[in-house]
file protein_10.cif (mmCIF, C-alpha atoms)
data_work
loop_
_atom_site.group_PDB
_atom_site.id
_atom_site.type_symbol
_atom_site.label_atom_id
_atom_site.label_comp_id
_atom_site.auth_asym_id
_atom_site.auth_seq_id
_atom_site.Cartn_x
_atom_site.Cartn_y
_atom_site.Cartn_z
ATOM 1 C CA MET A 293 34.334 -34.308 54.586
ATOM 2 C CA ARG A 294 34.064 -30.817 56.004
ATOM 3 C CA GLU A 295 31.214 -30.409 58.497
ATOM 4 C CA TYR A 296 28.548 -27.825 57.827
ATOM 5 C CA SER A 297 28.591 -25.091 60.461
ATOM 6 C CA PRO A 298 25.436 -22.988 60.473
ATOM 7 C CA ASP A 299 25.658 -19.213 60.928
ATOM 8 C CA LEU A 300 24.125 -18.622 64.349
ATOM 9 C CA THR A 301 24.500 -14.818 64.188
ATOM 10 C CA PRO A 302 21.100 -13.232 64.906
ATOM 11 C CA GLN A 303 19.483 -11.802 61.782
ATOM 12 C CA TRP A 304 19.392 -8.302 63.276
ATOM 13 C CA LYS A 305 23.181 -8.346 63.736
ATOM 14 C CA ARG A 306 23.981 -9.388 60.177
ATOM 15 C CA ALA A 307 25.158 -6.664 57.808
ATOM 16 C CA LYS A 308 22.460 -5.688 55.369
ATOM 17 C CA ALA A 309 23.228 -6.042 51.695
ATOM 18 C CA ALA A 310 24.172 -2.694 50.202
ATOM 19 C CA PRO A 311 22.658 -1.570 46.895
ATOM 20 C CA GLU A 312 24.833 -2.275 43.871
ATOM 21 C CA VAL A 313 25.770 0.776 41.799
ATOM 22 C CA PRO A 314 27.579 0.591 38.429
ATOM 23 C CA ALA A 315 30.928 2.430 38.573
ATOM 24 C CA GLU A 316 30.154 4.677 35.627
ATOM 25 C CA PRO A 317 32.680 7.364 34.605
ATOM 26 C CA ASP A 318 32.413 10.630 36.604
ATOM 27 C CA LEU A 319 30.363 9.016 39.402
ATOM 28 C CA VAL A 320 31.565 10.700 42.621
ATOM 29 C CA VAL A 321 31.882 8.454 45.682
ATOM 30 C CA GLU A 322 33.664 8.343 49.026
ATOM 31 C CA VAL A 323 35.769 5.356 50.067
ATOM 32 C CA ALA A 324 34.306 3.845 53.232
ATOM 33 C CA GLY A 325 36.538 4.239 56.258
ATOM 34 C CA THR A 326 38.728 6.914 54.646
ATOM 35 C CA ASP A 327 38.496 10.599 53.799
ATOM 36 C CA PHE A 328 39.164 9.990 50.092
ATOM 37 C CA CYS A 329 36.456 11.263 47.745
ATOM 38 C CA GLY A 330 36.762 11.138 43.982
ATOM 39 C CA ALA A 331 35.208 10.569 40.589
ATOM 40 C CA VAL A 332 35.390 7.258 38.746
ATOM 41 C CA VAL A 333 37.902 7.401 35.878
ATOM 42 C CA ALA A 334 38.310 3.675 35.223
ATOM 43 C CA CYS A 335 36.851 0.358 36.327
ATOM 44 C CA GLU A 336 38.604 -2.909 35.631
ATOM 45 C CA ALA A 337 37.952 -6.446 36.849
ATOM 46 C CA GLY A 338 37.945 -6.163 40.621
ATOM 47 C CA THR A 339 39.197 -2.570 40.939
ATOM 48 C CA VAL A 340 38.054 1.007 40.441
ATOM 49 C CA THR A 341 40.243 4.085 39.908
ATOM 50 C CA LEU A 342 39.110 7.347 41.530
ATOM 51 C CA GLU A 343 40.413 10.874 40.944
ATOM 52 C CA ASP A 344 40.010 13.553 43.618
ATOM 53 C CA ARG A 345 39.556 17.289 43.022
ATOM 54 C CA PHE A 346 43.337 17.808 43.083
ATOM 55 C CA GLY A 347 43.871 15.349 40.228
ATOM 56 C CA LYS A 348 45.276 12.617 42.479
ATOM 57 C CA ARG A 349 44.299 9.094 41.399
ATOM 58 C CA ARG A 350 44.082 5.980 43.570
ATOM 59 C CA VAL A 351 42.990 2.402 42.859
ATOM 60 C CA PHE A 352 40.594 0.619 45.227
ATOM 61 C CA PRO A 353 39.200 -2.939 45.256
ATOM 62 C CA LEU A 354 35.519 -3.391 44.447
ATOM 63 C CA GLN A 355 34.664 -4.686 47.899
ATOM 64 C CA PRO A 356 31.079 -5.138 49.092
ATOM 65 C CA ARG A 357 29.894 -2.080 51.067
ATOM 66 C CA GLY A 358 33.173 -0.396 50.229
ATOM 67 C CA PHE A 359 31.913 3.044 49.163
ATOM 68 C CA LEU A 360 29.487 5.823 50.066
ATOM 69 C CA LEU A 361 27.286 7.530 47.506
ATOM 70 C CA GLU A 362 25.722 10.742 48.864
ATOM 71 C CA GLY A 363 26.158 9.357 52.365
ATOM 72 C CA THR A 364 24.651 5.918 51.616
ATOM 73 C CA VAL A 365 26.784 2.764 51.809
ATOM 74 C CA VAL A 366 26.886 1.031 48.402
ATOM 75 C CA THR A 367 28.683 -1.743 46.581
ATOM 76 C CA LEU A 368 30.290 -0.597 43.356
ATOM 77 C CA VAL A 369 30.149 -3.057 40.467
ATOM 78 C CA ARG A 370 31.666 -3.061 37.024
ATOM 79 C CA PRO A 371 29.254 -1.428 34.523
ATOM 80 C CA ALA A 372 27.527 -3.719 32.093
ATOM 81 C CA ARG A 373 28.691 -3.358 28.529
ATOM 82 C CA GLY A 374 25.865 -2.135 26.341
ATOM 83 C CA PRO A 375 25.125 0.296 23.517
ATOM 84 C CA ALA A 376 27.090 3.474 24.052
ATOM 85 C CA ALA A 377 24.868 6.396 24.951
ATOM 86 C CA PRO A 378 25.791 9.921 23.876
ATOM 87 C CA LEU A 379 28.209 11.380 26.407
ATOM 88 C CA ARG A 380 27.115 14.634 28.007
ATOM 89 C CA THR A 381 28.951 17.452 29.680
ATOM 90 C CA ALA A 382 28.166 18.508 33.253
ATOM 91 C CA SER A 383 25.824 21.164 31.828
ATOM 92 C CA GLY A 384 23.769 18.512 30.020
ATOM 93 C CA SER A 385 25.072 19.322 26.527
ATOM 94 C CA ILE A 386 26.118 16.498 24.199
ATOM 95 C CA ALA A 387 29.889 16.122 24.529
ATOM 96 C CA VAL A 388 32.138 16.394 21.487
ATOM 97 C CA PRO A 389 34.929 13.815 22.016
ATOM 98 C CA GLY A 390 38.350 15.091 20.969
ATOM 99 C CA ALA A 391 37.121 18.629 20.369
ATOM 100 C CA ARG A 392 39.780 21.277 20.804
ATOM 101 C CA ALA A 393 39.239 24.503 22.664
ATOM 102 C CA ARG A 394 38.291 27.339 20.345
ATOM 103 C CA VAL A 395 40.451 30.453 20.170
ATOM 104 C CA ALA A 396 39.069 32.869 22.764
ATOM 105 C CA ARG A 397 36.362 35.253 21.577
ATOM 106 C CA ALA A 398 36.566 38.968 22.149
ATOM 107 C CA GLY A 399 33.420 38.669 24.267
ATOM 108 C CA ARG A 400 33.667 37.792 27.945
ATOM 109 C CA ILE A 401 31.564 36.646 30.869
ATOM 110 C CA TYR A 402 32.271 38.298 34.218
ATOM 111 C CA VAL A 403 31.218 36.842 37.552
ATOM 112 C CA GLU A 404 31.524 38.371 41.014
ATOM 113 C CA GLY A 405 34.299 36.268 42.530
ATOM 114 C CA ARG A 406 36.430 33.142 42.548
ATOM 115 C CA HIS A 407 33.734 30.839 43.941
ATOM 116 C CA ASP A 408 31.324 31.905 41.182
ATOM 117 C CA ALA A 409 34.010 31.296 38.555
ATOM 118 C CA GLU A 410 34.850 27.843 39.944
ATOM 119 C CA LEU A 411 31.198 26.804 39.963
ATOM 120 C CA VAL A 412 30.667 27.998 36.380
ATOM 121 C CA GLU A 413 33.835 26.187 35.290
ATOM 122 C CA ARG A 414 32.743 22.954 37.008
ATOM 123 C CA VAL A 415 29.398 22.791 35.206
ATOM 124 C CA TRP A 416 29.911 24.725 31.958
ATOM 125 C CA GLY A 417 33.686 24.467 31.491
ATOM 126 C CA ASP A 418 33.565 22.054 28.528
ATOM 127 C CA ASP A 419 30.939 24.167 26.754
ATOM 128 C CA LEU A 420 32.838 27.410 27.331
ATOM 129 C CA ARG A 421 36.082 26.004 25.929
ATOM 130 C CA ILE A 422 34.356 24.785 22.771
ATOM 131 C CA GLU A 423 32.676 28.188 22.349
ATOM 132 C CA GLY A 424 35.880 30.091 23.154
ATOM 133 C CA VAL A 425 34.328 32.036 26.035
ATOM 134 C CA VAL A 426 36.603 33.266 28.818
ATOM 135 C CA VAL A 427 35.244 33.790 32.347
ATOM 136 C CA GLU A 428 36.766 36.489 34.551
ATOM 137 C CA TYR A 429 35.687 37.947 37.862
ATOM 138 C CA LEU A 430 34.836 41.394 39.114
ATOM 139 C CA GLU A 431 35.955 41.182 42.746
ATOM 140 C CA GLY A 432 32.858 43.207 43.597
ATOM 141 C CA VAL A 433 29.976 44.659 41.602
ATOM 142 C CA ASP A 434 31.171 48.204 42.397
ATOM 143 C CA HIS A 435 33.919 47.683 39.801
ATOM 144 C CA LEU A 436 31.453 46.894 37.016
ATOM 145 C CA PRO A 437 31.040 50.426 35.501
ATOM 146 C CA ALA A 438 34.822 50.833 35.157
ATOM 147 C CA ILE A 439 35.204 47.362 33.638
ATOM 148 C CA VAL A 440 32.458 48.028 31.076
ATOM 149 C CA ALA A 441 33.998 51.396 30.143
ATOM 150 C CA GLU A 442 37.453 49.849 29.660
ATOM 151 C CA PHE A 443 36.095 46.792 27.806
ATOM 152 C CA ALA A 444 34.187 48.978 25.281
ATOM 153 C CA PRO A 445 31.681 46.266 24.264
ATOM 154 C CA GLY A 446 30.258 46.078 20.771
ATOM 155 C CA PRO A 447 28.406 43.654 18.453
ATOM 156 C CA ASP A 448 31.577 41.570 17.973
ATOM 157 C CA ALA A 449 32.697 41.822 21.604
ATOM 158 C CA ARG A 450 29.704 41.300 23.824
ATOM 159 C CA LEU A 451 29.823 41.314 27.581
ATOM 160 C CA GLY A 452 27.802 39.104 29.925
ATOM 161 C CA VAL A 453 27.785 39.666 33.678
ATOM 162 C CA LEU A 454 26.524 37.396 36.481
ATOM 163 C CA VAL A 455 25.743 39.257 39.715
ATOM 164 C CA ASP A 456 24.951 37.854 43.175
ATOM 165 C CA HIS A 457 21.778 38.957 44.974
ATOM 166 C CA LEU A 458 20.314 40.802 41.987
ATOM 167 C CA VAL A 459 16.917 41.796 43.398
ATOM 168 C CA PRO A 460 14.756 44.913 42.731
ATOM 169 C CA GLY A 461 15.812 48.006 44.647
ATOM 170 C CA SER A 462 19.263 46.697 45.566
ATOM 171 C CA LYS A 463 22.579 48.414 44.879
ATOM 172 C CA GLU A 464 23.367 45.610 42.459
ATOM 173 C CA SER A 465 20.199 46.261 40.437
ATOM 174 C CA ARG A 466 20.958 49.992 40.154
ATOM 175 C CA ILE A 467 24.493 49.354 38.897
ATOM 176 C CA ALA A 468 23.216 46.724 36.450
ATOM 177 C CA ALA A 469 20.638 49.129 35.011
ATOM 178 C CA ALA A 470 23.285 51.834 34.574
ATOM 179 C CA VAL A 471 25.590 49.681 32.400
ATOM 180 C CA ALA A 472 23.066 47.574 30.469
ATOM 181 C CA SER A 473 22.878 47.905 26.679
ATOM 182 C CA ASP A 474 22.361 45.769 23.587
ATOM 183 C CA ASP A 475 25.918 44.495 23.989
ATOM 184 C CA VAL A 476 26.016 44.283 27.791
ATOM 185 C CA LEU A 477 23.702 41.807 29.498
ATOM 186 C CA VAL A 478 23.665 41.762 33.299
ATOM 187 C CA LEU A 479 21.808 38.887 34.918
ATOM 188 C CA GLY A 480 21.849 37.489 38.404
ATOM 189 C CA HIS A 481 20.307 35.230 40.972
ATOM 190 C CA PRO A 482 18.414 36.068 44.174
ATOM 191 C CA TYR A 483 20.830 34.357 46.558
ATOM 192 C CA VAL A 484 22.993 36.162 49.114
ATOM 193 C CA ASP A 485 25.970 34.141 47.879
ATOM 194 C CA VAL A 486 26.558 31.650 45.083
ATOM 195 C CA TRP A 487 26.832 28.909 47.743
ATOM 196 C CA GLN A 488 23.033 29.002 47.938
ATOM 197 C CA ALA A 489 22.770 28.210 44.233
ATOM 198 C CA VAL A 490 23.835 24.653 45.107
ATOM 199 C CA LYS A 491 20.804 22.570 46.017
ATOM 200 C CA PRO A 492 20.705 21.529 49.692
ATOM 201 C CA SER A 493 19.949 17.968 48.574
ATOM 202 C CA ALA A 494 23.367 17.800 46.887
ATOM 203 C CA LEU A 495 24.943 18.409 50.299
ATOM 204 C CA GLY A 496 22.634 16.188 52.295
ATOM 205 C CA ILE A 497 21.119 19.064 54.269
ATOM 206 C CA PRO A 498 17.402 19.958 54.474
ATOM 207 C CA ALA A 499 17.920 23.653 53.638
ATOM 208 C CA TRP A 500 20.433 26.478 53.770
ATOM 209 C CA PRO A 501 20.322 27.975 57.278
ATOM 210 C CA GLU A 502 19.058 31.481 58.010
ATOM 211 C CA VAL A 503 21.883 33.801 59.082
ATOM 212 C CA PRO A 504 21.014 36.894 61.192
ATOM 213 C CA ARG A 505 21.624 40.300 59.591
ATOM 214 C CA GLY A 506 24.963 41.810 60.475
ATOM 215 C CA GLN A 507 26.701 38.440 60.697
ATOM 216 C CA ASP A 508 29.082 37.231 57.984
ATOM 217 C CA TRP A 509 26.880 34.904 55.952
ATOM 218 C CA LYS A 510 29.445 32.223 55.135
ATOM 219 C CA THR A 511 30.770 32.058 58.672
ATOM 220 C CA GLY A 512 27.201 31.898 59.970
ATOM 221 C CA VAL A 513 26.403 29.010 57.618
ATOM 222 C CA CYS A 514 29.450 27.059 58.800
ATOM 223 C CA GLY A 515 28.436 27.578 62.427
ATOM 224 C CA ALA A 516 24.803 26.605 61.867
ATOM 225 C CA LEU A 517 25.771 23.424 60.007
ATOM 226 C CA GLY A 518 28.443 22.452 62.518
ATOM 227 C CA TRP A 519 31.259 22.872 60.003
ATOM 228 C CA PRO A 520 34.687 24.255 60.997
ATOM 229 C CA GLU A 521 34.798 28.034 60.474
ATOM 230 C CA ASN A 522 37.081 27.693 57.477
ATOM 231 C CA THR A 523 35.032 29.072 54.601
ATOM 232 C CA GLY A 524 37.642 28.062 52.014
ATOM 233 C CA ALA A 525 37.484 24.420 53.085
ATOM 234 C CA ALA A 526 33.690 24.622 53.312
ATOM 235 C CA TRP A 527 33.501 25.873 49.724
ATOM 236 C CA GLN A 528 35.727 23.040 48.477
ATOM 237 C CA HIS A 529 33.382 20.573 50.182
ATOM 238 C CA ILE A 530 30.364 22.223 48.564
ATOM 239 C CA LEU A 531 32.016 22.315 45.129
ATOM 240 C CA SER A 532 32.987 18.637 45.368
ATOM 241 C CA ARG A 533 29.292 17.746 45.673
ATOM 242 C CA VAL A 534 28.399 19.417 42.369
ATOM 243 C CA THR A 535 28.667 16.856 39.596
ATOM 244 C CA SER A 536 26.251 18.294 37.027
ATOM 245 C CA TYR A 537 23.635 20.963 36.361
ATOM 246 C CA LYS A 538 21.147 18.840 38.317
ATOM 247 C CA ASP A 539 22.870 19.918 41.539
ATOM 248 C CA LEU A 540 22.193 23.633 40.900
ATOM 249 C CA GLU A 541 19.102 25.781 41.392
ATOM 250 C CA PRO A 542 17.162 26.781 38.241
ATOM 251 C CA ALA A 543 17.688 30.507 38.914
ATOM 252 C CA LEU A 544 21.438 30.125 38.357
ATOM 253 C CA LEU A 545 21.112 27.661 35.487
ATOM 254 C CA GLY A 546 18.893 29.954 33.453
ATOM 255 C CA ALA A 547 21.081 33.001 34.036
ATOM 256 C CA VAL A 548 24.336 31.326 32.975
ATOM 257 C CA GLU A 549 22.795 29.684 29.896
ATOM 258 C CA HIS A 550 21.354 33.056 28.833
ATOM 259 C CA LEU A 551 24.723 34.782 29.276
ATOM 260 C CA ILE A 552 26.505 32.154 27.158
ATOM 261 C CA ASP A 553 23.905 32.600 24.407
ATOM 262 C CA HIS A 554 24.336 36.388 24.568
ATOM 263 C CA VAL A 555 28.124 36.310 24.290
ATOM 264 C CA THR A 556 28.188 33.696 21.496
ATOM 265 C CA ALA A 557 25.316 35.137 19.411
#
call {"tool": "encode", "arguments": {"input": "protein_10.cif", "output": "structure tokens"}}
result
Amino acid sequence: MREYSPDLTPQWKRAKAAPEVPAEPDLVVEVAGTDFCGAVVACEAGTVTLEDRFGKRRVFPLQPRGFLLEGTVVTLVRPARGPAAPLRTASGSIAVPGARARVARAGRIYVEGRHDAELVERVWGDDLRIEGVVVEYLEGVDHLPAIVAEFAPGPDARLGVLVDHLVPGSKESRIAAAVASDDVLVLGHPYVDVWQAVKPSALGIPAWPEVPRGQDWKTGVCGALGWPENTGAAWQHILSRVTSYKDLEPALLGAVEHLIDHVTA
């Protein structure tokens, strides 16, 4: 008979049990001990399949304390089978399984730059494809009057525009007022850059740092947070932390929803 050998490891040295989290589809986690971060796409007996932002998929065992969720060590478990709840898109809308993208409308939504477009696509992409709304970017609000003139908006071809740092008395507000009409709606948010529209809690930071005037804002943010001064890599990190509308500030949410309603009315 095998002798019983008691565990003499002091209680304070023993690993604490990690909370168990169901590996639901689209849950974004990091694999402990690696730099792989991805969303759950499948969970079978004993394994979970994750897909990173580049579309690369890898299979990992469901080991205890094997993953990090928003920086906290967790144990992923296979979800319990129960009544299927309505699936929702990242924007919170009820998903339409199997729906095909609608032929693009004449109307458009313009945003200031690539980061704005990627954030809108991440949260509202499914909705925009069903509605047939195309998102393009301005590459600077100074180009807006020329774009509106060339677009020639009308009741059947409405234009919606999302502008960064749209506050009273700013250059952006003057340009917006000059082009606004029944068929052109210009809305914005109060942030210096769309990075700030992502809630600090989604990134695990207490707040966005203050950057002195005259200093490049994005570079200043990277320095204050101790990130490498590679703003492209920093943005990809920020974007990877956005999994739904809950990770965005209300000022941006309201503006984008209003623009979609305007273009699709």
call {"tool": "closest_residue", "arguments": {"input": "protein_10.cif", "among": "A:Val490, A:Val471, A:Leu420, A:Ala441", "to": "Glu549 (chain A)", "atoms": "all atoms listed in the file"}}
result
A:Leu420
call {"tool": "closest_residue", "arguments": {"input": "protein_10.cif", "among": "A:Leu354, A:Ala494, A:Val459, A:Ala469", "to": "Arg533 (chain A)", "atoms": "all atoms listed in the file"}}
result
A:Ala494
call {"tool": "atom_distance", "arguments": {"input": "protein_10.cif", "atom1": "CA of Cys514 (chain A)", "atom2": "CA of Val484 (chain A)"}}
result
14.8 Å
call {"tool": "residues_around", "arguments": {"input": "protein_10.cif", "residues": "region 501-508 of chain A", "least_positions_apart": "6", "cutoff": "12 Å", "atoms": "all atoms listed in the file", "output": "ChimeraX atom specification"}}
result
/A:483-485,487-488,492,514-518,521,523
call {"tool": "resolve_selection", "arguments": {"input": "protein_10.cif", "expression": "the PyMOL selection byres ((chain A and resi 480) around 12)", "output": "MDAnalysis selection string"}}
result
chainID A and resid 402:404 408 433 452:460 462 464:465 468 477:479 481:486 489 542:551
call {"tool": "resolve_selection", "arguments": {"input": "protein_10.cif", "expression": "the PyMOL selection byres ((chain A and resi 323) around 12)", "output": "VMD selection string"}}
result
chain A and resid 320 to 322 324 to 332 340 to 344 350 to 368
call {"tool": "write_last_selection", "arguments": {"input": "protein_10.cif", "atoms": "C-alpha atoms", "output": "CSV table (one decimal), in the frame of the given file"}}
result
chain,number,residue,atom,x,y,z
A,320,VAL,CA,31.6,10.7,42.6
A,321,VAL,CA,31.9,8.5,45.7
A,322,GLU,CA,33.7,8.3,49.0
A,324,ALA,CA,34.3,3.8,53.2
A,325,GLY,CA,36.5,4.2,56.3
A,326,THR,CA,38.7,6.9,54.6
A,327,ASP,CA,38.5,10.6,53.8
A,328,PHE,CA,39.2,10.0,50.1
A,329,CYS,CA,36.5,11.3,47.7
A,330,GLY,CA,36.8,11.1,44.0
A,331,ALA,CA,35.2,10.6,40.6
A,332,VAL,CA,35.4,7.3,38.7
A,340,VAL,CA,38.1,1.0,40.4
A,341,THR,CA,40.2,4.1,39.9
A,342,LEU,CA,39.1,7.3,41.5
A,343,GLU,CA,40.4,10.9,40.9
A,344,ASP,CA,40.0,13.6,43.6
A,350,ARG,CA,44.1,6.0,43.6
A,351,VAL,CA,43.0,2.4,42.9
A,352,PHE,CA,40.6,0.6,45.2
A,353,PRO,CA,39.2,-2.9,45.3
A,354,LEU,CA,35.5,-3.4,44.4
A,355,GLN,CA,34.7,-4.7,47.9
A,356,PRO,CA,31.1,-5.1,49.1
A,357,ARG,CA,29.9,-2.1,51.1
A,358,GLY,CA,33.2,-0.4,50.2
A,359,PHE,CA,31.9,3.0,49.2
A,360,LEU,CA,29.5,5.8,50.1
A,361,LEU,CA,27.3,7.5,47.5
A,362,GLU,CA,25.7,10.7,48.9
A,363,GLY,CA,26.2,9.4,52.4
A,364,THR,CA,24.7,5.9,51.6
A,365,VAL,CA,26.8,2.8,51.8
A,366,VAL,CA,26.9,1.0,48.4
A,367,THR,CA,28.7,-1.7,46.6
A,368,LEU,CA,30.3,-0.6,43.4
call {"tool": "atom_distance", "arguments": {"input": "protein_10.cif", "atom1": "CA of Ser493 (chain A)", "atom2": "CA of Arg414 (chain A)"}}
result
18.0 Å
call {"tool": "axis_aligned_box", "arguments": {"input": "protein_10.cif", "around": "region 349-354 of chain A", "padding_each_side": "8 Å", "output": "lines of an AutoDock Vina configuration file"}}
result
center_x = 39.9
center_y = 2.9
center_z = 43.3
size_x = 24.8
size_y = 28.5
size_z = 19.9
call {"tool": "resolve_selection", "arguments": {"input": "protein_10.cif", "expression": "the PyMOL selection byres ((chain A and resi 451) around 10)", "output": "ChimeraX atom specification"}}
result
/A:398-402,440,443-450,452-453,472-478,551-552,554-556
call {"tool": "atom_distance", "arguments": {"input": "protein_10.cif", "atom1": "CA of Asn522 (chain A)", "atom2": "CA of Lys510 (chain A)"}}
result
9.2 Å
call {"tool": "closest_residue", "arguments": {"input": "protein_10.cif", "among": "A:Arg370, A:His435, A:Arg349, A:Arg406", "to": "Ala315 (chain A)", "atoms": "only C-alpha atoms"}}
result
A:Arg370
call {"tool": "closest_residue", "arguments": {"input": "protein_10.cif", "among": "A:Leu436, A:Ala470, A:Ala372, A:Ala525", "to": "Ala337 (chain A)", "atoms": "only C-alpha atoms"}}
result
A:Ala372
call {"tool": "build_atoms", "arguments": {"input": "protein_10.cif", "residues": "region 335-351 of chain A", "atoms": "N, CA, C and O atoms", "output": "short mmCIF file (atom, residue, chain, number, x, y, z; two decimals), in the coordinates of the input"}}
result
data_model
loop_
_atom_site.label_atom_id
_atom_site.label_comp_id
_atom_site.auth_asym_id
_atom_site.auth_seq_id
_atom_site.Cartn_x
_atom_site.Cartn_y
_atom_site.Cartn_z
N CYS A 335 37.33 1.50 35.54
CA CYS A 335 36.85 0.36 36.33
C CYS A 335 37.25 -0.91 35.59
O CYS A 335 36.78 -1.16 34.48
N GLU A 336 38.15 -1.66 36.20
CA GLU A 336 38.60 -2.91 35.63
C GLU A 336 38.05 -4.06 36.47
O GLU A 336 37.33 -3.85 37.45
N ALA A 337 38.42 -5.28 36.10
CA ALA A 337 37.95 -6.45 36.85
C ALA A 337 38.48 -6.39 38.27
O ALA A 337 39.67 -6.51 38.51
N GLY A 338 37.58 -6.13 39.22
CA GLY A 338 37.94 -6.16 40.62
C GLY A 338 38.46 -4.87 41.21
O GLY A 338 38.66 -4.79 42.42
N THR A 339 38.68 -3.83 40.40
CA THR A 339 39.20 -2.57 40.94
C THR A 339 38.51 -1.37 40.28
O THR A 339 37.98 -1.47 39.18
N VAL A 340 38.57 -0.24 40.99
CA VAL A 340 38.05 1.01 40.44
C VAL A 340 39.09 2.08 40.71
O VAL A 340 39.73 2.10 41.77
N THR A 341 39.30 2.97 39.75
CA THR A 341 40.24 4.08 39.91
C THR A 341 39.46 5.37 40.11
O THR A 341 38.57 5.70 39.31
N LEU A 342 39.78 6.09 41.20
CA LEU A 342 39.11 7.35 41.53
C LEU A 342 40.10 8.50 41.43
O LEU A 342 41.28 8.34 41.73
N GLU A 343 39.59 9.66 41.03
CA GLU A 343 40.41 10.87 40.94
C GLU A 343 39.79 11.95 41.81
O GLU A 343 38.61 12.29 41.64
N ASP A 344 40.57 12.52 42.76
CA ASP A 344 40.01 13.55 43.62
C ASP A 344 40.10 14.91 42.94
O ASP A 344 40.57 15.03 41.81
N ARG A 345 39.64 15.98 43.65
CA ARG A 345 39.56 17.29 43.02
C ARG A 345 40.93 17.91 42.75
O ARG A 345 41.03 18.91 42.06
N PHE A 346 41.99 17.32 43.32
CA PHE A 346 43.34 17.81 43.08
C PHE A 346 44.03 17.06 41.93
O PHE A 346 45.19 17.31 41.64
N GLY A 347 43.30 16.12 41.32
CA GLY A 347 43.87 15.35 40.23
C GLY A 347 44.61 14.10 40.67
O GLY A 347 45.20 13.39 39.84
N LYS A 348 44.60 13.80 41.97
CA LYS A 348 45.28 12.62 42.48
C LYS A 348 44.42 11.38 42.24
O LYS A 348 43.22 11.38 42.54
N ARG A 349 45.03 10.32 41.70
CA ARG A 349 44.30 9.09 41.40
C ARG A 349 44.76 7.96 42.32
O ARG A 349 45.94 7.82 42.60
N ARG A 350 43.78 7.15 42.75
CA ARG A 350 44.08 5.98 43.57
C ARG A 350 43.19 4.83 43.12
O ARG A 350 42.06 5.03 42.64
N VAL A 351 43.71 3.61 43.26
CA VAL A 351 42.99 2.40 42.86
C VAL A 351 42.48 1.69 44.11
O VAL A 351 43.23 1.52 45.09
#
